[in-house]
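Structure record follows, encoded as structure tokens.
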Protein chains: 2
Amino acid sequence: MSAPKLADIAKRAGVSIAAVSIALNNRDTKRVSAAKREEIQRIAAEMSYAPNELAKALAERRTRLLGLMVPLRDPIFFNHFVAQALSGIQSTLMRRGYNLLVYSPSGRPGRTTRDQILESKFTDGLIFINTRSCLPRDIAQTIQELDAAQIKFSMINSYYGRTPANYVGVDDAAIGEAAVRYLAEQKHRRIAFLSSSEKLPTHVHLLQGLRHGMAAHGLELPADRIGCTDYVESQAFAILDRWFENKRQRPTAIFCADDQLLMFFYDYIEARGMRIPDDVAVLGRGNAGLMSLLRPRPTAFYIPTFEMGALAAEMLIDSIEKPTETRQRILLPFKFEPGQTA
Amino acid sequence: MSAPKLADIAKRAGVSIAAVSIALNNRDTKRVSAAKREEIQRIAAEMSYAPNELAKALAERRTRLLGLMVPLRDPIFFNHFVAQALSGIQSTLMRRGYNLLVYSPSGRPGRTTRDQILESKFTDGLIFINTRSCLPRDIAQTIQELDAAQIKFSMINSYYGRTPANYVGVDDAAIGEAAVRYLAEQKHRRIAFLSSSEKLPTHVHLLQGLRHGMAAHGLELPADRIGCTDYVESQAFAILDRWFENKRQRPTAIFCADDQLLMFFYDYIEARGMRIPDDVAVLGRGNAGLMSLLRPRPTAFYIPTFEMGALAAEMLIDSIEKPTETRQRILLPFKFEPGQTA
DNA sequence: CTGAAAGCGCTAACAT
DNA sequence: ATGTTAGCGCTTTCAG
């Protein structure tokens, strides 16, 4: 026996299909008498009726499904970022009655926006998680194509282009500034910046904040104290060796742009037999869950990943349900937590 | 202008809707002439046609969507487990052309199987991730209800009941045995087991393996060297204090049942000013990604979370596509990686 | 207040 | 080889 449908209930109750649909869905309408409604509900429960969401969605022209697009390619750090964001997204969806479709991330770089559009035919809207490796230009193009296809979407992290879009990020410039302020207050004057790659938005914004902060404190950030590692550990080691070779000129504090770089730094310190914070202070930035495992406990700025996910979902649903809603670009404040490293 | 549909293409091409459907879907059939097919494909591309997956699914009676049920989340450890399993699942789905619907985990414990069944109306099958906190009895009931509703499913981790079901776990008894073997070879004779809670399947199986291994090596595991923490750090500390109070009788090696317990142990060692492995050796079990962040690097058994996800998805899809397939219960082998702690 | 009928966009069995 | 037709299960006018 296959799943019971409206018609089955209608037959048993001796009413029309429409009557059943109305009785079951509109909790308070006078379209159907109280007696009939109860009868219908009883029968439905008895047959353990569950609506076919597919048919429902087809008729209603909406699925209450959101799609999540994740360019999955980075190691654990990113995994964890996604997991956190996912929790946040889910917390919103739960409250607002949506579910999440996580699209299989295609390893192949050929994954075009067109594919995404195709896939989105199942959903009411799309959430994008932009990783540190997403370039502004690519994102801008994606936005254009989505708009052309009239697909609703919102983005998490790292988008700073000019095209208007719903997105939520973190205020990296503010983090950079706060980092300098904190270190300057501890009398650090030679501060270095261990980062990812020159072109990445995060790098750019942190740097901007750092420079601003340096200026405010009468300090400066010479080019040779900015290290771009491209996330290659050996490259990070080379940069650090350069910084530390001269006892007199070595930086007294390092600011690491994200958790992976912080890990590199911990590894380096261990490899060279140094100690944090005795030999050098370090300030981190990244994901709370992961960094809390490190010892000594990092003094760090935490990215509110969960909240970013929750907010991105909220924005998207708003724009779906009230199409007039104008697009918002939100930068969430960071959290700071003192540890043992600076 | 709303999205183009088959009818639009049909009109433009001067053929029937069915013809378009066939031309677009069945890459190699003689149902339609080569010329017409090309013409149709050209027009479709031109209008950037994308099929309405909903309608398609309704007609085909299948969505190529799998649902993921995740019980409410524990802290980071679990987050990461889920993220890993998710990656594995996705790798299979990608290859086999499915997508994943991640159901919002309901915080409320009242989330019944019935709810899940309701939600599953969107999917072809369900994957369950059973956490360490899932009791065998509850799982068994879930299985029964799913069967009654004729819903296909597979489970990841921690199910060891008698009801037949597709599931993939890890061979904890083998891990327990291997743990003893490894430690015994290092001449450890007083080995203690820091664990979760007596009732949990993982605990039971690890213990079974440990006892077996102990016997084989002429050792024993007295009850007072089995510590159940219920994942409460203070409880863990109390147990450890008891173990370590007597210098003569203290265990020389500890086996931790999972990563969270290992973290407790590291915290304890730090708090009491001891050193690993000088004061005590420790052997872990858990998630590769997370534990690799710890220093000293743990010597540990790693659970193949990614593979478990991939396999669970594979099994589920098989059972969907070939309904004759009999149910399988697979225990994956663990991975062992030596570190600096034992 | 209730039921009949017309879709939603697509597939597949059935004619031609 | 191609076109026609009847659903898939539900919602929603629109008559009665």
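Each chain in the structure tokens gets a letter, A, B and so on, in the order shown; residues start at 1 in every chain, and ligands are counted from 1 in the order they appear.
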Note to self: Residues within 12 Å of Trp243 of chain A, please, as a VMD selection string. Count only C-alpha atoms (C1' of nucleotides); anything in the same chain fewer than 5 positions from it doesn't count.
What the structure shows: chain A and resid 190 to 194 222 to 227 236 to 238 248 to 254 280
Next item on the list: Extract, using only C-alpha atoms (C1' of nucleotides), all DNA, RNA and protein residues at most 12 Å from DT4 of chain D, discarding same-chain residues fewer than 3 positions from it, and format them as a ChimeraX atom specification.
Entry: /B:16-19 /C:12-16
Closest pair table for chain B residues within 9 Å of chain A, only C-alpha atoms, as a Markdown table:
```
| residue | atom | partner | partner_atom | distance |
| --- | --- | --- | --- | --- |
| B:Ser2 | CA | A:Gln150 | CA | 9.0 |
| B:Ala3 | CA | A:Ala149 | CA | 8.3 |
| B:Tyr49 | CA | A:Leu118 | CA | 8.8 |
| B:Ala50 | CA | A:Leu118 | CA | 5.7 |
| B:Pro51 | CA | A:Lys121 | CA | 7.4 |
| B:Asn52 | CA | A:Lys121 | CA | 5.8 |
| B:Glu53 | CA | A:Phe122 | CA | 5.8 |
| B:Leu54 | CA | A:Leu58 | CA | 6.1 |
| B:Ala55 | CA | A:Leu58 | CA | 6.3 |
| B:Ala57 | CA | A:Leu54 | CA | 7.4 |
| B:Leu58 | CA | A:Leu54 | CA | 6.1 |
| B:Thr63 | CA | A:Leu54 | CA | 8.7 |
| B:Leu65 | CA | A:Leu101 | CA | 8.8 |
| B:Gly67 | CA | A:Leu101 | CA | 8.9 |
| B:Arg73 | CA | A:Ser87 | CA | 8.8 |
| B:Pro75 | CA | A:Gly289 | CA | 8.4 |
| B:Ile76 | CA | A:Gly289 | CA | 5.9 |
| B:Phe77 | CA | A:Gly289 | CA | 8.9 |
| B:Asn79 | CA | A:Ala83 | CA | 6.0 |
| B:His80 | CA | A:His80 | CA | 6.1 |
| B:Val82 | CA | A:Ala83 | CA | 7.6 |
| B:Ala83 | CA | A:Ala83 | CA | 5.6 |
| B:Gln84 | CA | A:Asn79 | CA | 7.4 |
| B:Ser87 | CA | A:Leu72 | CA | 8.5 |
| B:Ile89 | CA | A:Ser104 | CA | 8.9 |
| B:Gln90 | CA | A:Ser104 | CA | 5.3 |
| B:Ser91 | CA | A:Ser104 | CA | 7.4 |
| B:Leu93 | CA | A:Ser104 | CA | 6.8 |
| B:Met94 | CA | A:Ser104 | CA | 5.6 |
| B:Gly97 | CA | A:Ser104 | CA | 8.9 |
| B:Tyr98 | CA | A:Ser104 | CA | 8.0 |
| B:Asn99 | CA | A:Tyr103 | CA | 5.8 |
| B:Leu100 | CA | A:Val102 | CA | 5.4 |
| B:Leu101 | CA | A:Leu101 | CA | 4.3 |
| B:Val102 | CA | A:Leu100 | CA | 5.4 |
| B:Tyr103 | CA | A:Asn99 | CA | 5.9 |
| B:Ser104 | CA | A:Gln90 | CA | 5.3 |
| B:Pro105 | CA | A:Gln90 | CA | 7.3 |
| B:Ser106 | CA | A:Met94 | CA | 7.2 |
| B:Ile117 | CA | A:Ala50 | CA | 8.2 |
| B:Leu118 | CA | A:Ala50 | CA | 5.7 |
| B:Glu119 | CA | A:Glu53 | CA | 8.2 |
| B:Ser120 | CA | A:Glu53 | CA | 8.9 |
| B:Lys121 | CA | A:Asn52 | CA | 5.8 |
| B:Phe122 | CA | A:Glu53 | CA | 5.9 |
| B:Ala149 | CA | A:Ala3 | CA | 8.3 |
| B:Gln150 | CA | A:Ser2 | CA | 8.9 |
| B:Met263 | CA | A:Leu293 | CA | 7.9 |
| B:Gly289 | CA | A:Ile76 | CA | 6.0 |
| B:Leu290 | CA | A:Leu290 | CA | 7.8 |
| B:Met291 | CA | A:Leu293 | CA | 8.8 |
| B:Leu293 | CA | A:Leu294 | CA | 6.6 |
| B:Leu294 | CA | A:Leu294 | CA | 6.4 |
| B:Arg295 | CA | A:Arg295 | CA | 7.2 |
```
Note to self: For a quick test of understanding: name the residues of chain C lying within 10 Å of chain A when counting only C-alpha atoms (C1' of nucleotides), and present them as a PyMOL selection string.
What the structure shows: chain C and resi 1-4+7-9
Check: Of the candidates A:Tyr167, A:Lys5, A:Phe334, A:Ile127, which one gets nearest to DC8 of chain D if we count only C-alpha atoms (C1' of nucleotides)?
Finding: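 Closest to DC8 of chain D, using only C-alpha atoms (C1' of nucleotides): A:Lys5.
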